[in-house]
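Participant: Take a look at coords-v6.json, JSON, C-alpha atoms:
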```json
[["chain", "number", "residue", "atom", "x", "y", "z"],
["G", 1, "VAL", "CA", 0.00, 0.00, 0.00],
["G", 2, "ARG", "CA", 1.66, 3.20, -1.15],
["G", 3, "GLY", "CA", 0.75, 6.63, 0.16],
["G", 4, "ILE", "CA", 1.39, 9.12, -2.64],
["G", 5, "PRO", "CA", 0.69, 12.85, -3.11],
["G", 6, "SER", "CA", -2.94, 13.41, -4.07],
["G", 7, "ASP", "CA", -1.99, 15.29, -7.25],
["G", 8, "LEU", "CA", 0.74, 12.88, -8.39],
["G", 9, "TYR", "CA", -1.26, 11.49, -11.33],
["G", 10, "SER", "CA", -2.03, 14.93, -12.75],
["G", 11, "MET", "CA", 1.37, 16.48, -12.03],
["G", 12, "ASP", "CA", 3.76, 13.65, -12.91],
["G", 13, "GLU", "CA", 3.75, 12.90, -16.65],
["G", 14, "GLY", "CA", 6.08, 9.91, -16.28],
["G", 15, "PHE", "CA", 3.80, 8.29, -13.70],
["G", 16, "ARG", "CA", 0.76, 9.01, -15.87],
["G", 17, "ASN", "CA", 2.35, 7.40, -18.93],
["G", 18, "TYR", "CA", 2.77, 4.06, -17.17],
["G", 19, "ILE", "CA", -0.55, 3.96, -15.31],
["G", 20, "THR", "CA", -3.74, 3.32, -17.26],
["G", 21, "VAL", "CA", -7.03, 3.92, -15.48],
["G", 22, "LYS", "CA", -9.46, 1.16, -16.44],
["G", 23, "GLU", "CA", -12.44, 2.22, -14.31],
["G", 24, "GLY", "CA", -13.32, 5.29, -12.26],
["G", 25, "GLU", "CA", -10.65, 7.96, -11.86],
["G", 26, "PHE", "CA", -7.23, 8.27, -10.31],
["G", 27, "SER", "CA", -8.35, 10.66, -7.59],
["G", 28, "LEU", "CA", -7.18, 10.70, -3.99],
["G", 29, "SER", "CA", -8.81, 13.97, -3.03],
["G", 30, "ASP", "CA", -10.95, 12.18, -0.43],
["G", 31, "ALA", "CA", -9.04, 10.95, 2.60],
["G", 32, "ASP", "CA", -10.66, 7.52, 2.56],
["G", 33, "SER", "CA", -10.01, 6.86, -1.17],
["G", 34, "ILE", "CA", -7.98, 3.96, -2.51],
["G", 35, "ILE", "CA", -6.87, 3.07, -6.04],
["G", 36, "ILE", "CA", -6.48, -0.66, -6.67],
["G", 37, "SER", "CA", -5.20, -2.64, -9.66],
["G", 38, "THR", "CA", -7.25, -4.77, -12.02],
["G", 39, "GLU", "CA", -5.62, -7.88, -10.54],
["G", 40, "THR", "CA", -6.54, -6.87, -7.00],
["G", 41, "ALA", "CA", -10.06, -5.91, -8.06],
["G", 42, "ALA", "CA", -10.54, -9.33, -9.67],
["G", 43, "ARG", "CA", -9.31, -11.17, -6.57],
["G", 44, "LEU", "CA", -11.42, -9.10, -4.19],
["G", 45, "LYS", "CA", -14.35, -8.92, -6.62],
["G", 46, "ALA", "CA", -14.38, -5.18, -5.98],
["G", 47, "GLN", "CA", -15.70, -2.41, -8.22],
["G", 48, "VAL", "CA", -15.52, 1.37, -8.23],
["G", 49, "GLY", "CA", -17.62, 2.70, -5.35],
["G", 50, "ASP", "CA", -17.23, -0.42, -3.20],
["G", 51, "THR", "CA", -15.86, -0.21, 0.32],
["G", 52, "ILE", "CA", -12.98, -2.47, 1.29],
["G", 53, "LYS", "CA", -11.24, -3.01, 4.62],
["G", 54, "LEU", "CA", -7.52, -2.53, 5.07],
["G", 55, "LEU", "CA", -5.99, -4.22, 8.12],
["G", 56, "THR", "CA", -2.95, -2.54, 9.61],
["G", 57, "ALA", "CA", -0.96, -3.85, 12.56],
["G", 58, "LYS", "CA", 0.08, -1.84, 15.57],
["G", 59, "VAL", "CA", 2.92, -3.16, 17.73],
["G", 60, "PHE", "CA", 3.36, -2.03, 21.32],
["G", 61, "PRO", "CA", 6.14, -3.23, 23.62],
["G", 62, "GLY", "CA", 4.94, -5.97, 25.91],
["G", 63, "ARG", "CA", 1.53, -6.15, 24.32],
["G", 64, "PRO", "CA", 0.06, -8.36, 21.58],
["G", 65, "VAL", "CA", -0.23, -7.06, 18.04],
["G", 66, "ILE", "CA", -3.35, -4.99, 17.49],
["G", 67, "LEU", "CA", -5.06, -5.17, 14.11],
["G", 68, "LYS", "CA", -6.88, -2.02, 13.10],
["G", 69, "PRO", "CA", -9.43, -2.18, 10.25],
["G", 70, "THR", "CA", -9.76, 0.88, 8.07],
["G", 71, "ARG", "CA", -12.62, 1.36, 5.62],
["G", 72, "LEU", "CA", -11.59, 2.72, 2.23],
["G", 73, "MET", "CA", -13.67, 3.45, -0.85],
["G", 74, "VAL", "CA", -12.44, 2.31, -4.26],
["G", 75, "LYS", "CA", -12.14, 5.42, -6.42],
["G", 76, "GLY", "CA", -10.43, 3.85, -9.40],
["G", 77, "ILE", "CA", -8.99, 0.68, -10.90],
["G", 78, "TYR", "CA", -5.70, 0.88, -12.76],
["G", 79, "THR", "CA", -3.17, -1.25, -14.58],
["G", 80, "SER", "CA", 0.51, -0.70, -15.27],
["G", 81, "GLY", "CA", 0.71, -3.59, -17.74],
["G", 82, "TYR", "CA", 3.07, -5.37, -15.35],
["G", 83, "GLN", "CA", 0.98, -7.81, -13.39],
["G", 84, "GLU", "CA", 3.55, -8.60, -10.71],
["G", 85, "LEU", "CA", 3.64, -4.91, -9.80],
["G", 86, "ASP", "CA", -0.15, -4.61, -10.02],
["G", 87, "MET", "CA", -0.63, -7.49, -7.59],
["G", 88, "LEU", "CA", 1.57, -5.76, -5.01],
["G", 89, "SER", "CA", 0.48, -2.13, -5.26],
["G", 90, "ALA", "CA", -2.51, -0.10, -4.12],
["G", 91, "PHE", "CA", -2.49, 3.69, -3.69],
["G", 92, "ILE", "CA", -3.87, 5.90, -0.95],
["G", 93, "SER", "CA", -3.22, 9.56, -0.18],
["G", 94, "GLN", "CA", 0.08, 10.47, 1.42],
["G", 95, "GLU", "CA", -1.64, 12.16, 4.36],
["G", 96, "TYR", "CA", -3.71, 9.09, 5.14],
["G", 97, "GLY", "CA", -0.70, 6.84, 4.67],
["G", 98, "GLU", "CA", 1.27, 8.79, 7.28],
["G", 99, "LYS", "CA", -1.53, 8.16, 9.77],
["G", 100, "LEU", "CA", -1.68, 4.42, 9.08],
["G", 101, "PHE", "CA", 2.04, 3.73, 8.78],
["G", 102, "LYS", "CA", 4.15, 5.55, 11.35],
["G", 103, "GLU", "CA", 6.93, 3.00, 11.70],
["G", 104, "ASP", "CA", 10.53, 3.82, 10.87],
["G", 105, "GLY", "CA", 11.41, 3.00, 7.30],
["G", 106, "SER", "CA", 7.88, 3.39, 6.00],
["G", 107, "ARG", "CA", 8.79, 6.52, 4.02],
["G", 108, "MET", "CA", 10.40, 6.16, 0.62],
["G", 109, "LEU", "CA", 11.62, 8.84, -1.76],
["G", 110, "GLY", "CA", 11.82, 7.97, -5.45],
["G", 111, "ILE", "CA", 14.33, 9.82, -7.64],
["G", 112, "LYS", "CA", 14.06, 9.74, -11.41],
["G", 113, "VAL", "CA", 17.07, 9.89, -13.70],
["G", 114, "SER", "CA", 17.13, 10.70, -17.39],
["G", 115, "GLU", "CA", 19.17, 7.58, -18.26],
["G", 116, "PRO", "CA", 18.00, 4.67, -16.06],
["G", 117, "HIS", "CA", 20.23, 2.17, -17.89],
["G", 118, "ASP", "CA", 23.38, 4.26, -17.46],
["G", 119, "THR", "CA", 25.95, 3.29, -14.83],
["G", 120, "SER", "CA", 25.76, 6.83, -13.44],
["G", 121, "ILE", "CA", 22.79, 5.76, -11.29],
["G", 122, "TYR", "CA", 25.25, 4.00, -8.98],
["G", 123, "ALA", "CA", 27.19, 7.22, -8.51],
["G", 124, "VAL", "CA", 23.95, 9.05, -7.75],
["G", 125, "ALA", "CA", 23.03, 6.37, -5.18],
["G", 126, "GLU", "CA", 26.43, 6.71, -3.47],
["G", 127, "ASP", "CA", 26.11, 10.52, -3.34],
["G", 128, "ILE", "CA", 22.68, 10.28, -1.74],
["G", 129, "SER", "CA", 23.73, 7.64, 0.82],
["G", 130, "SER", "CA", 26.65, 9.85, 1.88],
["G", 131, "LEU", "CA", 24.26, 12.64, 2.90],
["G", 132, "ASP", "CA", 22.97, 10.79, 5.96],
["G", 133, "GLU", "CA", 23.99, 7.55, 7.62],
["G", 134, "GLY", "CA", 20.33, 6.72, 8.26],
["G", 135, "LEU", "CA", 19.46, 6.65, 4.55],
["G", 136, "TYR", "CA", 19.13, 3.35, 2.75],
["G", 137, "VAL", "CA", 19.58, 3.80, -0.99],
["G", 138, "SER", "CA", 18.86, 1.15, -3.60],
["G", 139, "THR", "CA", 18.76, 1.31, -7.40],
["G", 140, "TRP", "CA", 15.94, -0.10, -9.49],
["G", 141, "GLU", "CA", 18.28, -2.83, -10.75],
["G", 142, "ALA", "CA", 19.01, -3.96, -7.19],
["G", 143, "LEU", "CA", 15.29, -3.97, -6.31],
["G", 144, "ASN", "CA", 14.55, -6.12, -9.38],
["G", 145, "ASP", "CA", 17.78, -8.12, -9.39],
["G", 146, "SER", "CA", 16.21, -11.52, -10.14],
["G", 147, "LEU", "CA", 14.05, -10.16, -12.97],
["G", 148, "VAL", "CA", 16.94, -8.23, -14.54],
["G", 149, "ALA", "CA", 19.17, -11.32, -14.38],
["G", 150, "SER", "CA", 16.44, -13.49, -15.92],
["G", 151, "LEU", "CA", 15.85, -11.06, -18.78],
["G", 152, "ASP", "CA", 19.59, -10.70, -19.40],
["G", 153, "THR", "CA", 19.98, -14.49, -19.57],
["G", 154, "SER", "CA", 17.04, -14.74, -21.98],
["G", 155, "ARG", "CA", 18.54, -12.02, -24.18],
["G", 156, "LYS", "CA", 21.90, -13.78, -24.37],
["G", 157, "PHE", "CA", 20.20, -17.09, -25.17],
["G", 158, "LEU", "CA", 18.20, -15.46, -27.99],
["G", 159, "ILE", "CA", 21.39, -13.93, -29.40],
["G", 160, "PHE", "CA", 22.99, -17.39, -29.36],
["G", 161, "ILE", "CA", 19.98, -18.84, -31.23],
["G", 162, "MET", "CA", 20.21, -16.01, -33.79],
["G", 163, "ILE", "CA", 23.90, -16.79, -34.39],
["G", 164, "LEU", "CA", 23.03, -20.48, -34.90],
["G", 165, "ILE", "CA", 20.35, -19.52, -37.44],
["G", 166, "LEU", "CA", 22.85, -17.34, -39.30],
["G", 167, "GLY", "CA", 25.31, -20.25, -39.28],
["G", 168, "VAL", "CA", 22.74, -22.60, -40.83],
["G", 169, "ALA", "CA", 21.84, -19.99, -43.44],
["G", 170, "SER", "CA", 25.54, -19.54, -44.24],
["G", 171, "VAL", "CA", 25.96, -23.26, -44.81],
["G", 172, "ASN", "CA", 23.02, -23.16, -47.24],
["G", 173, "ILE", "CA", 24.59, -20.22, -49.07],
["G", 174, "SER", "CA", 27.93, -22.02, -49.28],
["G", 175, "SER", "CA", 26.31, -25.23, -50.57],
["G", 176, "SER", "CA", 24.35, -23.33, -53.22],
["G", 177, "MET", "CA", 27.44, -21.51, -54.42],
["G", 178, "ILE", "CA", 29.44, -24.74, -54.58],
["G", 179, "MET", "CA", 26.76, -26.19, -56.86],
["G", 180, "MET", "CA", 26.92, -23.01, -58.92],
["G", 181, "VAL", "CA", 30.70, -23.31, -59.27],
["G", 182, "ILE", "CA", 30.28, -26.89, -60.51],
["G", 183, "SER", "CA", 27.63, -25.88, -63.05],
["G", 184, "LYS", "CA", 29.65, -22.89, -64.27],
["G", 185, "ARG", "CA", 33.01, -24.63, -64.70],
["G", 186, "GLN", "CA", 33.01, -24.15, -68.50],
["G", 187, "ASP", "CA", 32.28, -20.44, -68.16],
["G", 188, "ILE", "CA", 35.01, -20.09, -65.55],
["G", 189, "ALA", "CA", 37.47, -21.93, -67.83],
["G", 190, "ILE", "CA", 36.68, -19.56, -70.71],
["G", 191, "LEU", "CA", 37.21, -16.52, -68.46],
["G", 192, "LYS", "CA", 40.55, -17.86, -67.22],
["G", 193, "SER", "CA", 41.68, -18.69, -70.76],
["G", 194, "THR", "CA", 41.04, -15.06, -71.76],
["G", 195, "GLY", "CA", 43.27, -13.73, -68.99],
["G", 196, "ALA", "CA", 41.18, -13.70, -65.80],
["G", 197, "SER", "CA", 43.30, -14.46, -62.73],
["G", 198, "ASP", "CA", 42.42, -16.73, -59.82],
["G", 199, "SER", "CA", 41.67, -13.69, -57.64],
["G", 200, "ASP", "CA", 39.37, -12.24, -60.33],
["G", 201, "ILE", "CA", 37.31, -15.43, -60.45],
["G", 202, "ALA", "CA", 37.22, -15.70, -56.67],
["G", 203, "GLY", "CA", 36.23, -12.04, -56.41],
["G", 204, "ILE", "CA", 33.14, -12.68, -58.58],
["G", 205, "PHE", "CA", 31.79, -15.27, -56.13],
["G", 206, "ILE", "CA", 32.76, -13.28, -53.05],
["G", 207, "PHE", "CA", 30.90, -10.30, -54.49],
["G", 208, "MET", "CA", 27.94, -12.59, -55.13],
["G", 209, "GLY", "CA", 28.00, -13.66, -51.47],
["G", 210, "LEU", "CA", 28.20, -10.01, -50.41],
["G", 211, "PHE", "CA", 25.24, -9.15, -52.64],
["G", 212, "ILE", "CA", 23.20, -12.03, -51.22],
["G", 213, "GLY", "CA", 24.08, -11.00, -47.66],
["G", 214, "VAL", "CA", 23.16, -7.34, -48.18],
["G", 215, "CYS", "CA", 19.85, -8.10, -49.90],
["G", 216, "ALA", "CA", 18.86, -10.81, -47.42],
["G", 217, "SER", "CA", 19.79, -8.64, -44.43],
["G", 218, "ALA", "CA", 17.83, -5.67, -45.77],
["G", 219, "LEU", "CA", 14.73, -7.78, -46.46],
["G", 220, "GLY", "CA", 15.01, -9.63, -43.14],
["G", 221, "ILE", "CA", 15.42, -6.50, -41.04],
["G", 222, "ALA", "CA", 12.60, -4.70, -42.87],
["G", 223, "PHE", "CA", 10.28, -7.67, -42.32],
["G", 224, "GLY", "CA", 11.40, -8.02, -38.70],
["G", 225, "ILE", "CA", 10.78, -4.33, -37.94],
["G", 226, "ALA", "CA", 7.31, -4.54, -39.51],
["G", 227, "VAL", "CA", 6.46, -7.57, -37.35],
["G", 228, "VAL", "CA", 7.91, -6.08, -34.16],
["G", 229, "LEU", "CA", 6.07, -2.76, -34.52],
["G", 230, "ASN", "CA", 2.78, -4.64, -34.89],
["G", 231, "ILE", "CA", 3.49, -7.62, -32.61],
["G", 232, "ASN", "CA", 0.71, -6.80, -30.14],
["G", 233, "GLU", "CA", -1.84, -6.38, -32.94],
["G", 234, "ILE", "CA", -0.67, -9.66, -34.53],
["G", 235, "ILE", "CA", -1.08, -11.49, -31.22],
["G", 236, "ASP", "CA", -4.57, -10.02, -30.77],
["G", 237, "PHE", "CA", -5.52, -11.04, -34.31],
["G", 238, "VAL", "CA", -4.26, -14.61, -33.88],
["G", 239, "SER", "CA", -5.96, -14.86, -30.48],
["G", 240, "ASN", "CA", -9.28, -13.72, -31.93],
["G", 241, "ALA", "CA", -8.95, -15.93, -35.02],
["G", 242, "LEU", "CA", -8.17, -19.05, -32.98],
["G", 243, "ASN", "CA", -10.44, -18.05, -30.08],
["G", 244, "PHE", "CA", -7.51, -18.70, -27.79],
["G", 245, "ASN", "CA", -5.71, -16.24, -25.52],
["G", 246, "LEU", "CA", -1.98, -16.39, -26.26],
["G", 247, "PHE", "CA", -1.32, -14.29, -23.16],
["G", 248, "GLU", "CA", -2.58, -16.23, -20.17],
["G", 249, "SER", "CA", -3.90, -14.32, -17.20],
["G", 250, "ASP", "CA", -0.79, -15.04, -15.14],
["G", 251, "PHE", "CA", 1.59, -13.69, -17.80],
["G", 252, "TYR", "CA", 3.61, -10.88, -16.25],
["G", 253, "LEU", "CA", 3.09, -8.41, -19.12],
["G", 254, "GLU", "CA", -0.23, -7.46, -20.67],
["G", 255, "ARG", "CA", 1.43, -5.89, -23.73],
["G", 256, "ILE", "CA", 4.88, -6.48, -25.18],
["G", 257, "PRO", "CA", 6.95, -3.28, -24.90],
["G", 258, "ILE", "CA", 8.76, -2.30, -28.10],
["G", 259, "GLN", "CA", 12.06, -0.48, -28.35],
["G", 260, "LEU", "CA", 14.16, -0.43, -31.52],
["G", 261, "SER", "CA", 17.89, 0.25, -31.38],
["G", 262, "PHE", "CA", 19.62, 1.46, -34.54],
["G", 263, "TYR", "CA", 22.98, 0.30, -33.15],
["G", 264, "LYS", "CA", 21.76, -3.26, -32.48],
["G", 265, "LEU", "CA", 19.97, -3.51, -35.83],
["G", 266, "SER", "CA", 23.12, -2.34, -37.60],
["G", 267, "ALA", "CA", 25.18, -4.91, -35.69],
["G", 268, "CYS", "CA", 22.77, -7.70, -36.72],
["G", 269, "ALA", "CA", 22.90, -6.60, -40.36],
["G", 270, "ALA", "CA", 26.71, -6.42, -40.33],
["G", 271, "LEU", "CA", 26.94, -9.88, -38.74],
["G", 272, "SER", "CA", 24.59, -11.34, -41.36],
["G", 273, "VAL", "CA", 26.60, -9.87, -44.23],
["G", 274, "LEU", "CA", 29.84, -11.11, -42.65],
["G", 275, "PHE", "CA", 28.48, -14.66, -42.38],
["G", 276, "ALA", "CA", 27.41, -14.56, -46.04],
["G", 277, "VAL", "CA", 30.83, -13.34, -47.21],
["G", 278, "VAL", "CA", 32.67, -15.96, -45.14],
["G", 279, "ALA", "CA", 30.35, -18.67, -46.48],
["G", 280, "SER", "CA", 31.14, -17.63, -50.07],
["G", 281, "TRP", "CA", 34.90, -17.72, -49.50],
["G", 282, "ILE", "CA", 35.25, -21.56, -49.79],
["G", 283, "PRO", "CA", 33.39, -21.89, -53.13],
["G", 284, "ALA", "CA", 35.13, -18.73, -54.40],
["G", 285, "ARG", "CA", 38.51, -20.22, -53.60],
["G", 286, "ARG", "CA", 37.48, -23.45, -55.32],
["G", 287, "ALA", "CA", 36.37, -21.54, -58.41],
["G", 288, "GLY", "CA", 39.68, -19.67, -58.56],
["G", 289, "ARG", "CA", 41.64, -22.95, -58.60],
["G", 290, "ILE", "CA", 39.81, -24.45, -61.59],
["G", 291, "ASN", "CA", 42.26, -25.51, -64.31],
["G", 292, "PRO", "CA", 40.84, -24.46, -67.73],
["G", 293, "VAL", "CA", 42.94, -27.09, -69.59],
["G", 294, "GLU", "CA", 41.27, -29.94, -67.72],
["G", 295, "ILE", "CA", 37.82, -28.47, -68.39],
["G", 296, "PHE", "CA", 38.53, -28.11, -72.14],
["G", 297, "LYS", "CA", 39.75, -31.73, -72.31],
["G", 298, "LYS", "CA", 36.48, -32.99, -70.79],
["G", 299, "HIS", "CA", 34.26, -30.73, -72.92]]
```
For the file at hand, write its structure as structure tokens.

Facilitator:
Amino acid sequence: VRGIPSDLYSMDEGFRNYITVKEGEFSLSDADSIIISTETAARLKAQVGDTIKLLTAKVFPGRPVILKPTRLMVKGIYTSGYQELDMLSAFISQEYGEKLFKEDGSRMLGIKVSEPHDTSIYAVAEDISSLDEGLYVSTWEALNDSLVASLDTSRKFLIFIMILILGVASVNISSSMIMMVISKRQDIAILKSTGASDSDIAGIFIFMGLFIGVCASALGIAFGIAVVLNINEIIDFVSNALNFNLFESDFYLERIPIQLSFYKLSACAALSVLFAVVASWIPARRAGRINPVEIFKKH
């Protein structure tokens, strides 16, 4: 349960961009208001306007724990698209939160940075912790350490699969070019008999591999970008066509976030072209070593 400023939703654009109000309104103007998530609303079978009870514990030295029920009215139902966060978060006004939670450590100050993925956030955390010995500072990566590690492992595994796919495609390119060298032996013999050197013949096939790599990379990246930009719509279409929800209710994301990186796309394209050129080197070398005299004797 998070006590936040009553005007946070209207004043903080970043907060508003990640919170979608499904029902009611994100208003904490009334002291007894609470904003719950769609996941919480489904589990409690609560709707906007319903009253729910919040149990808070009071601890006194030498006495048993006292549970205090507080009646709160549901003003709105929200979703962040991240179900694990939705299941754990409900919002009340900061003033009411200070009355309910007076224990040490119940206050938290969130600081936004312009580059959350930059290593400078660690320097910022160290500067803040040095201000007061009583402050406990943690970065978003530390708070979500297991999730970040899982996503990083998945990303590396997908990169490994992509490299394997490029390797298989390169073998296919190399096999096709070897068959082409065999079928074009007479033409290669004629070129060499008219003065073409081994490097000239090999250069023709290496250029062919480069051309195949550039065209295939351009088409593949264009198709991939088109699919990625419309991945959520494609999933919705397939789900409706098959009458089957591809995203189960316990999936941690409601929508797949999309972020394209020009640097990473360029690296993928360069790697694809490199694989194609390397795959064409063996058949190109074989073509350059063809002896025209032996070809003319056979044909």

Participant: Segment 179-190 of chain G: which residues within 10 Å, counting all atoms listed in the file, same-chain residues fewer than 6 positions away excluded, as JSON, numbers by chain?

Facilitator: {"G": [196, 198, 201, 205, 283, 284, 286, 287, 288, 290, 291, 292, 293, 294, 295, 296, 298, 299]}

Participant: Give as an MDAnalysis selection string every residue, naming chains and numbers as the document does, that has an atom within 10 Å of (22.3, 9.4, -3.2), counting only C-alpha atoms.

Facilitator: chainID G and resid 111 121:132 135:139

Participant: So that I can see what lies close to Asp7 of chain G, please list as a short mmCIF file (atom, residue, chain, number, x, y, z; two decimals) with C-alpha atoms, in the frame of the given file the residues with an atom at most 10 Å from it, counting all atoms listed in the file and leaving out residues fewer than 5 positions away in the same chain.

Facilitator:
```
data_model
loop_
_atom_site.label_atom_id
_atom_site.label_comp_id
_atom_site.auth_asym_id
_atom_site.auth_seq_id
_atom_site.Cartn_x
_atom_site.Cartn_y
_atom_site.Cartn_z
CA ASP G 12 3.76 13.65 -12.91
CA PHE G 26 -7.23 8.27 -10.31
CA SER G 27 -8.35 10.66 -7.59
CA LEU G 28 -7.18 10.70 -3.99
CA SER G 29 -8.81 13.97 -3.03
CA SER G 93 -3.22 9.56 -0.18
#
```

Participant: Residues near Ile225 of chain G, anyone? I mean within 12 Å using all atoms listed in the file, not counting same-chain ones fewer than 2 positions away, as a ChimeraX atom specification.

Facilitator: /G:217-223,227-231,258-262,265

Participant: For a quick check of understanding, using only C-alpha atoms, which of G:Ser193, G:Leu143, G:Val168, G:Phe60 has the smallest distance to Phe275 of chain G?

Facilitator: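 Looking only at the distances to Phe275 of chain G, the closest residue turns out to be G:Val168.
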
Participant: The residues within 8 Å of (-1.8, -7.1, -5.3), using all atoms listed in the file and the coordinates of the file, should be reported as a list of chain:residue names; which are they?

Facilitator: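 Using all atoms listed in the file, the matching residues come out as G:Ser37, G:Glu39, G:Thr40, G:Glu84, G:Leu85, G:Asp86, G:Met87, G:Leu88, G:Ser89, G:Ala90.
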
Participant: If I take atom CA of Ser175 of chain G and atom CA of Trp281 of chain G, how far is one from the other in Å, to one decimal?

Facilitator: 11.5 Å

Participant: Atom CA of Ala241 of chain G and atom CA of Gln83 of chain G are how many Å apart?

Facilitator: 25.1 Å

Participant: Quote the spacing between atom CA of Pro69 of chain G and atom CA of Ile52 of chain G in Å to one decimal place.

Facilitator: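 Atom CA of Ile52 of chain G lies at a distance of 9.6 Å from atom CA of Pro69 of chain G.
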
Participant: Could you put an axis-aligned box around every listed atom of segment 121-131 of chain G, padded by 5 Å on each side, and send me its centre and edge lengths in Å to one decimal, as AutoDock Vina command-line options?

Facilitator:
```
--center_x 24.9 --center_y 8.3 --center_z -4.2 --size_x 14.5 --size_y 18.6 --size_z 24.2
```

Participant: Which residue, G:Cys268, G:Met11, G:Ile34, G:Ala226, has the smallest gap to Asp50 of chain G when you use all atoms listed in the file?

Facilitator: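 The shortest atom-to-atom distance to Asp50 of chain G comes from G:Ile34.
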